[in-house]
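Scroll down for the structure; my scribbles are underneath it.
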Amino acid sequence: MNLQDSLSKHIKEAVKSIYNVELDVVEFQSTRRDFAGDLTVVVFPLLKLLKGNPVTIGEQIGTYLTKKIDDVKSFNVVKGFLNIEIADSYYLNVFNQIKEDETFGFESPKFGDKAIMVEYSSPNTNKPLHLGHVRNNLLGYSVAEIIKASGKKVYKTQIINDRGIHICKSMLAWQRFGNHETPESTGLKGDKLVGNYYVKFDQEYKREISDLISRGKTEEEAKKLAPIILAAQEMLQKWEAGDLKTVALWEKMNVWVYEGFAETYKNLGVDFDKLYYESQTYLLGKEFVAEGLRTGVFFQKEDGSVWCDLTPDGLDEKIVLRSDGTAVYMTQDIGTAIQRAKDFPDVGGMVYTVGNEQEYHFKVLFLIIQKLGFEWAKYLYHLSYGMVDLPSGKMKSREGTVVDADDLIEEMTQTAEQISEELGKLEGYSKSEKQELYKIIGLGALKYYILKVDPRKRILFDPKDSIDFQGNTGPFIQYTYARIQSILRKAELKEDVQIFSEYVLHDKEKELIKQILLFPEVIQNAAVNHSPALIANYTYDLVREFNSFYQNVSILGADSEIEMTLRVKLSKVVATTIKNSLKILGIDVPERM
RNA sequence: GGCUCCAUAGUUCAAGGGAUAGAACAAGAGUUUCCUAAACUCUAGAUCCAGGUUCGAGUCCUGGUGGAGCUACCA
């Protein structure tokens with residue numbers, strides 16, 4: 001039984017014996033730094049059940065605990081706060097247990113047999129990935145890893161939006177203006193090449209529109225009548241009809257794009273267990289609409305379109321099938337979700353990493369799936385995140401005002417190099433070793449910068465000065481890890497000294513142990529809240545704690561053998577925790593920097 | 001118009017209804033015979049406004065103000 005459970009049990013006993021009242025739960029929080037003690041019980045909530053003065057109650061419980069539990073050294077009551085001080089021997093014992101555990105806190109025992117499917121990325125295939133995708137990828141990947149660490153099986157997936165008018169636009173522009181360029185002939189990444197033609201399409205489209213307007217059409221008419229958009233629509237129809245030439249072109253260009261994406265994913269360090277393609281799923285869902293129509297979940301209007309009435313749930317009516325019988329976005333999403341549940345029978349919940357502009361869509365989707373009677377519908381979650389803004393305003397891919405993912409990664413790597421060079425670190429390393437390190441640092445900065453922010457909030461991303469290598473940043477944390485590695489290289493520990501029960505902990509040592517012991521709970525919290533930011537910020541706290549420890553106490557030159565052993569081991573556990581923590585954020589850690 | 005989200009030091013971020021709202025950057029002042037100074041220590045600085053619920057509100061509720069998003073037989 002762990003200490004909190006034991007405390008909780010005894011507090012209940014105390015209250016039972018003194019007041020004859022049964023308590024359901026007792027909640028603890030760690031004691032604020034400026035007060036003596038380790039764990040705090042807030043007495044105020046108990047006042048509803050027990051009549052009396054909070055200070056007296058606190059003192060009675062405290063006295064009882066001190067008598068019954070050896071690990072409780074003493075207590076104090078400030079106003080309604082019962083601060084419990086835990087004996088050093090308790091921390092030393094726990095530390096002894098975890099000090100060789102490479103996965104402490106980050107590998108919960110598996111519970112339940114239900115897996116979670118996490119969808120993220122899901123790009124369109126007509127243009128390269130940009131900064132918005134980067135946030136999506138980092139969040140999705142990290143949340144998947146967090147859920148995994150919390151003890152659940154996870155499938156990472158994405159649906160690649162490989163069909164539709166957008167890719168036809170690129171295809172058409174390539175046919176018209178492309179002179180049969182290929183990634184090989186141009187040296188461009190495939191997704192970049194295809195993206196360029198998407199921009200070219202839009203330029204041509206705009207030119208035709210203004211042309212038509214100058215000849216007397218309204219803007220609305222012009223948008224519909226421009227020859228190039230008509231051609232794109234025709235191409236889409238050909239694709240849907242299975243026209244061989246069109247499909248061949250589509251396949252050729254998609255392959256280019258996939259190769260480009262693969263490179264970006266590799267650089268970002270994200271991966272997937274299962275891919276879905278919209279071209280294979282866009283027809284799904286209709287059968288469930290038909291089914292829902294029979295069971296009364298949906299209704300049909302006179303023109304033949306099918307709707308779901310969500311007004312009883314405070315939402316609107318939502319279309320699920322067009323009057324011509326074709327599917328809409330919602331239809332596909334219903335079909336795809338159900339397909340996934342079929343493909344992976346152990347999946348008991350799904351997480352969709354999609355921008356917050358689609359909140360309404362997912363609210364409706366989840367509600368409809370619930371109405372269709374799937375029991376896993378309760379465990380659908382929209383991991384919604386805010387936009388990434390630039391100082392110059394909103395990103396628009398058509399206008400080319402985006403930050404390209406590959407360029408960004410490259411830029412970050414170069415910034416890392418520049419700063420490292422200025423500091424004159426890394427003398428005597430080979431060029432490739434240095435390059436590797438710059439990438440770890442640059443990407444660490446980027447990933448940490450994005451993940452430390454609450455997903456719901458918008459990020460204002462200034463590529464120039466928003467990335468800092470000091471303070472609450474990835475490189476700061478990486479640096480701390482590297483320094484600990486240096487200690488470990490230099491430490492010459494004799495035999496493992498299995499002490500420690502007589503040892504009196506230094507304040508800084510105790511704080512560090514307390515920080516480390518928090519992590520199992522942090523992981524569980526982060527998994528429940530789908531929040532990498534929680535982990536990032538706790539890790540940063542640990543690092544600051546360590547840095548202060550490092551500067552203020554001597555490690556290798558400690559006063560006694562036992563002190564040094566403890567401090568070196570403690571450093572090692574901190575390093576392990578940092579490494580595990582960054583790992584689930586998708587951030588690598590350098591041995592030296 | 002309706003609905004949803006956001007608002008905390010000059011700036012970027014924290015704070016499971018709990019104690020004196022934490023950090024970092026920027027500003028100012030210190031610390032290198034010693035384990036990596038990309039560090040540490042100290043100083044100054046904030047909850048958009050008005051009500052309410054509560055022993056206790058940055059957090060919950062109501063109403064404002066400001067910003068963003070959604071409100072398609074597009075995806």
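Numbering starts fresh at 1 for the residues of each chain in the structure tokens, the chains themselves are lettered A, B, ... in the order given, and ligands are numbered from 1 as they appear.
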Skip Asp71 in chain A itself and residues of its chain fewer than 2 positions away, then list as a ChimeraX atom specification all residues within 6 Å of it, counting only C-alpha atoms (C1' of nucleotides). /A:69,73,86-87,90
Using the selection just defined, write its residues with C-alpha atoms as a PDB file, in the first residue's frame.
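The new file out-v3.pdb reads:
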```
ATOM      1  CA  ILE A  69       1.987   5.754  10.919  1.00  0.00           C
ATOM      2  CA  LYS A  73       7.183  12.437  11.290  1.00  0.00           C
ATOM      3  CA  ILE A  86       6.954  12.638   6.009  1.00  0.00           C
ATOM      4  CA  ALA A  87      10.057  10.985   7.409  1.00  0.00           C
ATOM      5  CA  TYR A  90      10.162   6.921   3.636  1.00  0.00           C
TER       6      TYR A  90
END
```
Write out as a tab-separated table (two decimals) with C-alpha atoms, in the first residue's frame every residue belonging to chain A that has an atom at most 6 Å from any atom of chain B, counting only C-alpha atoms (C1' of nucleotides).
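Result file is iface-v1.tsv:
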```tsv
chain	number	residue	atom	x	y	z
A	322	ARG	CA	-27.45	14.92	-50.52
A	357	GLU	CA	-12.65	25.23	-36.40
A	471	GLY	CA	14.30	29.46	-20.04
A	472	ASN	CA	11.35	27.15	-20.44
A	483	ARG	CA	25.13	17.72	-18.04
A	487	ILE	CA	28.36	13.61	-14.18
A	551	GLN	CA	24.56	24.64	-8.45
A	556	LEU	CA	31.13	14.46	-7.18
```
With distances taken over only C-alpha atoms, which of A:Val43, A:Val388, A:Ile338, A:Ile535 is nearest to Val143 in chain A? A:Ile535
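Between CA of Val347 in chain A and CA of Gly112 in chain A there is a distance of 11.1 Å.
Residues with any atom within 12 Å of Ile98 in chain A, counting only C-alpha atoms (C1' of nucleotides) and excluding same-chain neighbours fewer than 3 positions away, are Tyr91, Leu92, Asn93, Val94, Phe95, Asp101, Glu102, Thr103, Phe104, Gly105, Ile513, Ile516, Leu517, Pro520, Lys569, Leu570, Lys572, Val573, Val574, Thr576 and Thr577 of chain A.
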